[in-house]
file input_7.txt (compact mmCIF, C-alpha atoms)
# COMPACT_ATOMS: atom_id res chain seq x y z
CA MET X 1351 68.96 25.56 -24.28
CA ASN X 1352 68.30 29.29 -24.66
CA VAL X 1353 68.23 31.67 -21.70
CA LEU X 1354 67.00 35.26 -21.93
CA PHE X 1355 67.45 37.75 -19.08
CA VAL X 1356 64.99 40.65 -18.96
CA CYS X 1357 64.63 43.91 -17.05
CA LEU X 1358 62.96 47.23 -17.81
CA GLY X 1359 65.65 49.00 -19.83
CA ASN X 1360 68.27 46.31 -20.53
CA ILE X 1361 71.07 48.62 -19.37
CA CYS X 1362 71.69 47.50 -15.77
CA ARG X 1363 70.44 44.18 -14.43
CA SER X 1364 69.78 42.06 -17.51
CA PRO X 1365 73.03 42.85 -19.36
CA MET X 1366 74.94 42.20 -16.13
CA ALA X 1367 73.12 38.86 -15.80
CA GLU X 1368 73.79 38.05 -19.47
CA SER X 1369 77.51 38.69 -19.10
CA MET X 1370 77.77 36.81 -15.81
CA PHE X 1371 75.79 33.82 -17.04
CA ARG X 1372 77.64 33.64 -20.36
CA GLN X 1373 80.96 33.62 -18.46
CA MET X 1374 79.70 30.84 -16.18
CA VAL X 1375 78.47 28.81 -19.17
CA GLU X 1376 81.83 29.23 -20.92
CA ALA X 1377 83.75 28.24 -17.78
CA LYS X 1378 81.80 24.97 -17.68
CA GLY X 1379 82.39 24.34 -21.38
CA LEU X 1380 78.67 24.53 -22.17
CA SER X 1381 78.64 27.34 -24.75
CA ASP X 1382 77.57 24.92 -27.47
CA LYS X 1383 74.58 23.81 -25.37
CA ILE X 1384 73.45 26.96 -23.54
CA HIS X 1385 72.92 30.25 -25.38
CA VAL X 1386 72.44 33.51 -23.50
CA ASP X 1387 70.93 36.88 -24.38
CA SER X 1388 69.13 39.79 -22.70
CA ALA X 1389 66.35 42.21 -23.56
CA ALA X 1390 64.10 44.92 -22.14
CA THR X 1391 60.36 45.16 -21.59
CA SER X 1392 60.63 48.80 -22.71
CA SER X 1393 62.13 50.38 -25.81
CA GLU X 1394 63.20 53.46 -23.82
CA GLU X 1395 66.93 52.59 -23.80
CA GLU X 1396 67.05 50.84 -27.18
CA GLY X 1397 70.51 51.03 -28.74
CA ASN X 1398 72.25 52.10 -25.53
CA THR X 1399 75.16 50.30 -23.93
CA PRO X 1400 74.98 49.31 -20.26
CA HIS X 1401 74.75 52.09 -17.70
CA PRO X 1402 78.21 53.42 -16.72
CA GLY X 1403 77.69 52.12 -13.17
CA ALA X 1404 76.87 48.65 -14.48
CA GLN X 1405 79.92 48.77 -16.75
CA LYS X 1406 82.17 49.72 -13.83
CA THR X 1407 80.84 46.91 -11.66
CA MET X 1408 81.19 44.46 -14.52
CA ARG X 1409 84.81 45.54 -15.10
CA ASP X 1410 85.46 45.25 -11.33
CA HIS X 1411 84.39 41.59 -11.62
CA SER X 1412 86.18 40.91 -14.92
CA LEU X 1413 82.93 40.61 -16.85
CA PRO X 1414 82.94 41.55 -20.54
CA THR X 1415 80.71 44.43 -21.64
CA GLU X 1416 81.41 44.46 -25.36
CA GLY X 1417 78.47 43.68 -27.59
CA LEU X 1418 75.90 44.48 -24.90
CA VAL X 1419 73.33 46.84 -26.41
CA SER X 1420 69.82 47.43 -25.11
CA ARG X 1421 66.95 46.12 -27.17
CA PRO X 1422 63.28 45.45 -26.49
CA ILE X 1423 62.00 41.90 -26.30
CA THR X 1424 60.33 40.56 -29.44
CA LYS X 1425 57.91 37.77 -30.30
CA ASP X 1426 60.90 35.89 -31.73
CA ASP X 1427 62.55 36.04 -28.28
CA PHE X 1428 59.58 34.30 -26.72
CA ALA X 1429 59.82 31.54 -29.34
CA TRP X 1430 63.63 31.28 -29.01
CA ALA X 1431 63.94 31.18 -25.22
CA ASP X 1432 63.54 28.11 -23.08
CA TYR X 1433 63.89 30.26 -19.96
CA ILE X 1434 63.01 33.94 -19.63
CA ILE X 1435 64.46 35.10 -16.34
CA CYS X 1436 63.27 38.52 -15.22
CA MET X 1437 64.53 40.73 -12.48
CA ASP X 1438 61.38 41.97 -10.76
CA ASN X 1439 57.64 41.48 -10.41
CA MET X 1440 56.66 44.45 -12.57
CA ASN X 1441 58.65 43.13 -15.51
CA MET X 1442 57.38 39.60 -14.88
CA TYR X 1443 53.81 40.93 -15.01
CA ASN X 1444 54.53 42.83 -18.22
CA LEU X 1445 56.25 39.83 -19.82
CA ARG X 1446 53.28 37.61 -19.02
CA ARG X 1447 50.98 40.12 -20.71
CA MET X 1448 53.23 40.30 -23.80
CA ALA X 1449 53.98 36.60 -24.14
CA PRO X 1450 52.11 34.29 -26.46
CA ILE X 1451 50.01 32.00 -24.25
CA ASP X 1452 52.22 28.97 -24.95
CA ASP X 1453 55.31 30.83 -23.72
CA VAL X 1454 54.06 32.20 -20.39
CA ALA X 1455 55.42 29.19 -18.47
CA LYS X 1456 58.95 30.10 -19.61
CA ILE X 1457 58.90 33.31 -17.52
CA HIS X 1458 60.58 33.17 -14.12
CA LEU X 1459 61.67 35.54 -11.38
CA ALA X 1460 65.47 35.45 -11.01
CA ASN X 1461 65.42 34.62 -7.30
CA GLU X 1462 62.79 31.89 -7.46
CA VAL X 1463 65.60 29.30 -7.31
CA VAL X 1464 67.14 30.79 -4.16
CA ALA X 1465 65.77 29.14 -1.02
CA GLY X 1466 64.36 31.74 1.34
CA HIS X 1467 64.51 34.47 -1.32
CA GLU X 1468 62.08 33.09 -3.90
CA ASN X 1469 59.91 36.21 -4.09
CA GLU X 1470 62.69 38.79 -3.81
CA GLU X 1471 63.50 41.05 -6.71
CA ILE X 1472 66.96 41.77 -8.04
CA PRO X 1473 67.57 45.35 -6.87
CA ASP X 1474 67.38 47.98 -9.59
CA PRO X 1475 70.54 50.11 -9.37
CA TRP X 1476 69.08 52.71 -11.71
CA TYR X 1477 67.51 54.33 -8.66
CA THR X 1478 70.02 53.48 -5.92
CA HIS X 1479 73.30 53.43 -7.88
CA ARG X 1480 74.19 50.38 -5.79
CA PHE X 1481 75.39 48.28 -8.71
CA GLU X 1482 77.42 46.00 -6.46
CA ASP X 1483 74.22 44.98 -4.64
CA THR X 1484 72.76 43.98 -8.00
CA TYR X 1485 75.89 42.00 -8.85
CA GLN X 1486 75.81 40.19 -5.50
CA SER X 1487 72.12 39.29 -5.89
CA LEU X 1488 72.79 37.88 -9.35
CA HIS X 1489 75.92 36.13 -8.07
CA ARG X 1490 73.73 34.28 -5.57
CA ALA X 1491 70.99 33.30 -8.04
CA LEU X 1492 72.73 32.59 -11.34
CA PRO X 1493 74.80 29.56 -10.28
CA LEU X 1494 71.54 27.93 -9.16
CA TRP X 1495 69.97 28.65 -12.54
CA LEU X 1496 72.98 27.16 -14.26
CA ASP X 1497 72.73 24.01 -12.14
CA LYS X 1498 69.03 23.70 -12.97
CA ILE X 1499 69.51 24.28 -16.68
CA GLU X 1500 72.58 22.05 -16.89
CA SER X 1501 70.57 19.21 -15.33
CA GLU X 1502 68.02 19.54 -18.15
CA ILE X 1503 70.43 19.34 -21.10

call {"tool": "encode", "arguments": {"input": "input_7.txt", "output": "structure tokens"}}
result
Amino acid sequence: MNVLFVCLGNICRSPMAESMFRQMVEAKGLSDKIHVDSAATSSEEEGNTPHPGAQKTMRDHSLPTEGLVSRPITKDDFAWADYIICMDNMNMYNLRRMAPIDDVAKIHLANEVVAGHENEEIPDPWYTHRFEDTYQSLHRALPLWLDKIESEI
């Protein structure tokens, strides 16, 4: 099972989600069954490491940051991923426009699995610098995604 996290620049939310989810997958001993990556809908930050604020928050929560480098989503990503989990409605809209028709159903909003928060976006700390809020939102949603995906493997 392949899971791709996507946000606009792939320097805040999606790399944080990638690192968190990969750690959760490893803790459950599922690394051979669930593969995790992240990408951007834009090429604006291509080649950059996570934002310093994201890196600090990740370190504060013992999440690895090594190997996380921004890259734009590709057609190969759509083919590879079983789930494309995006952080907000704008990126979900853009992903649906980019995706081959057969892959549109793979695209999901991160909070759609959180009862009572299905339509909420993961806050973008690029503007607010509230990286901990982003972490907490992901911390609420990602275990539910792991449960869902684990039940399908």

call {"tool": "closest_residue", "arguments": {"input": "input_7.txt", "among": "X:Glu1462, X:Glu1416, X:Asp1453, X:Asp1382", "to": "X:Cys1436", "atoms": "all atoms listed in the file"}}
result
X:Glu1462

call {"tool": "atom_distance", "arguments": {"input": "input_7.txt", "atom1": "atom CA of X:Glu1502", "atom2": "atom CA of X:Met1440"}}
result
27.9 Å

call {"tool": "closest_atom_pairs", "arguments": {"input": "input_7.txt", "of": "stretch 1394-1443 of chain X", "to": "stretch 1463-1484 of chain X", "cutoff": "8 Å", "atoms": "all atoms listed in the file", "output": "Markdown table"}}
result
| residue | atom | partner | partner_atom | distance |
| --- | --- | --- | --- | --- |
| X:Gly1403 | CA | X:Phe1481 | CA | 6.3 |
| X:Ala1404 | CA | X:Phe1481 | CA | 6.0 |
| X:Thr1407 | CA | X:Glu1482 | CA | 6.3 |
| X:Met1437 | CA | X:Ile1472 | CA | 5.2 |
| X:Asp1438 | CA | X:Glu1471 | CA | 4.7 |
| X:Asn1439 | CA | X:Glu1471 | CA | 6.9 |

call {"tool": "atom_distance", "arguments": {"input": "input_7.txt", "atom1": "atom CA of X:Ala1491", "atom2": "atom CA of X:Met1351"}}
result
18.1 Å

call {"tool": "atom_distance", "arguments": {"input": "input_7.txt", "atom1": "atom CA of X:Pro1365", "atom2": "atom CA of X:Ala1460"}}
result
13.5 Å

call {"tool": "closest_residue", "arguments": {"input": "input_7.txt", "among": "X:Arg1363, X:Arg1372, X:His1385, X:Lys1378", "to": "X:Pro1400", "atoms": "all atoms listed in the file"}}
result
X:Arg1363

call {"tool": "closest_residue", "arguments": {"input": "input_7.txt", "among": "X:Ser1364, X:Ser1393, X:Ser1381, X:Gln1373", "to": "X:Pro1422", "atoms": "all atoms listed in the file"}}
result
X:Ser1393

call {"tool": "residues_around", "arguments": {"input": "input_7.txt", "residues": "X:Asn1398", "least_positions_apart": "4", "cutoff": "10 Å", "atoms": "only C-alpha atoms", "output": "ChimeraX atom specification"}}
result
/X:1359-1361,1394,1418-1421

call {"tool": "residues_near_point", "arguments": {"input": "input_7.txt", "point": "(63.4, 29.9, -23.7)", "cutoff": "8 Å", "atoms": "all atoms listed in the file", "output": "PDB file with C-alpha atoms, in the frame of the given file"}}
result
ATOM      1  CA  MET X1351      68.960  25.560 -24.280  1.00  0.00           C
ATOM      2  CA  ASN X1352      68.300  29.290 -24.660  1.00  0.00           C
ATOM      3  CA  VAL X1353      68.230  31.670 -21.700  1.00  0.00           C
ATOM      4  CA  LEU X1354      67.000  35.260 -21.930  1.00  0.00           C
ATOM      5  CA  ASP X1427      62.550  36.040 -28.280  1.00  0.00           C
ATOM      6  CA  PHE X1428      59.580  34.300 -26.720  1.00  0.00           C
ATOM      7  CA  ALA X1429      59.820  31.540 -29.340  1.00  0.00           C
ATOM      8  CA  TRP X1430      63.630  31.280 -29.010  1.00  0.00           C
ATOM      9  CA  ALA X1431      63.940  31.180 -25.220  1.00  0.00           C
ATOM     10  CA  ASP X1432      63.540  28.110 -23.080  1.00  0.00           C
ATOM     11  CA  TYR X1433      63.890  30.260 -19.960  1.00  0.00           C
ATOM     12  CA  ILE X1434      63.010  33.940 -19.630  1.00  0.00           C
ATOM     13  CA  LYS X1456      58.950  30.100 -19.610  1.00  0.00           C
TER      14      LYS X1456
END

call {"tool": "closest_residue", "arguments": {"input": "input_7.txt", "among": "X:Ala1449, X:Phe1371, X:Thr1391, X:Tyr1485", "to": "X:Gln1405", "atoms": "all atoms listed in the file"}}
result
X:Tyr1485

call {"tool": "closest_residue", "arguments": {"input": "input_7.txt", "among": "X:Ala1390, X:Trp1495, X:Lys1406, X:Ser1487", "to": "X:Leu1358", "atoms": "only C-alpha atoms"}}
result
X:Ala1390

call {"tool": "closest_residue", "arguments": {"input": "input_7.txt", "among": "X:Met1442, X:Leu1492, X:Ala1389, X:Ile1499", "to": "X:Val1356", "atoms": "only C-alpha atoms"}}
result
X:Ala1389
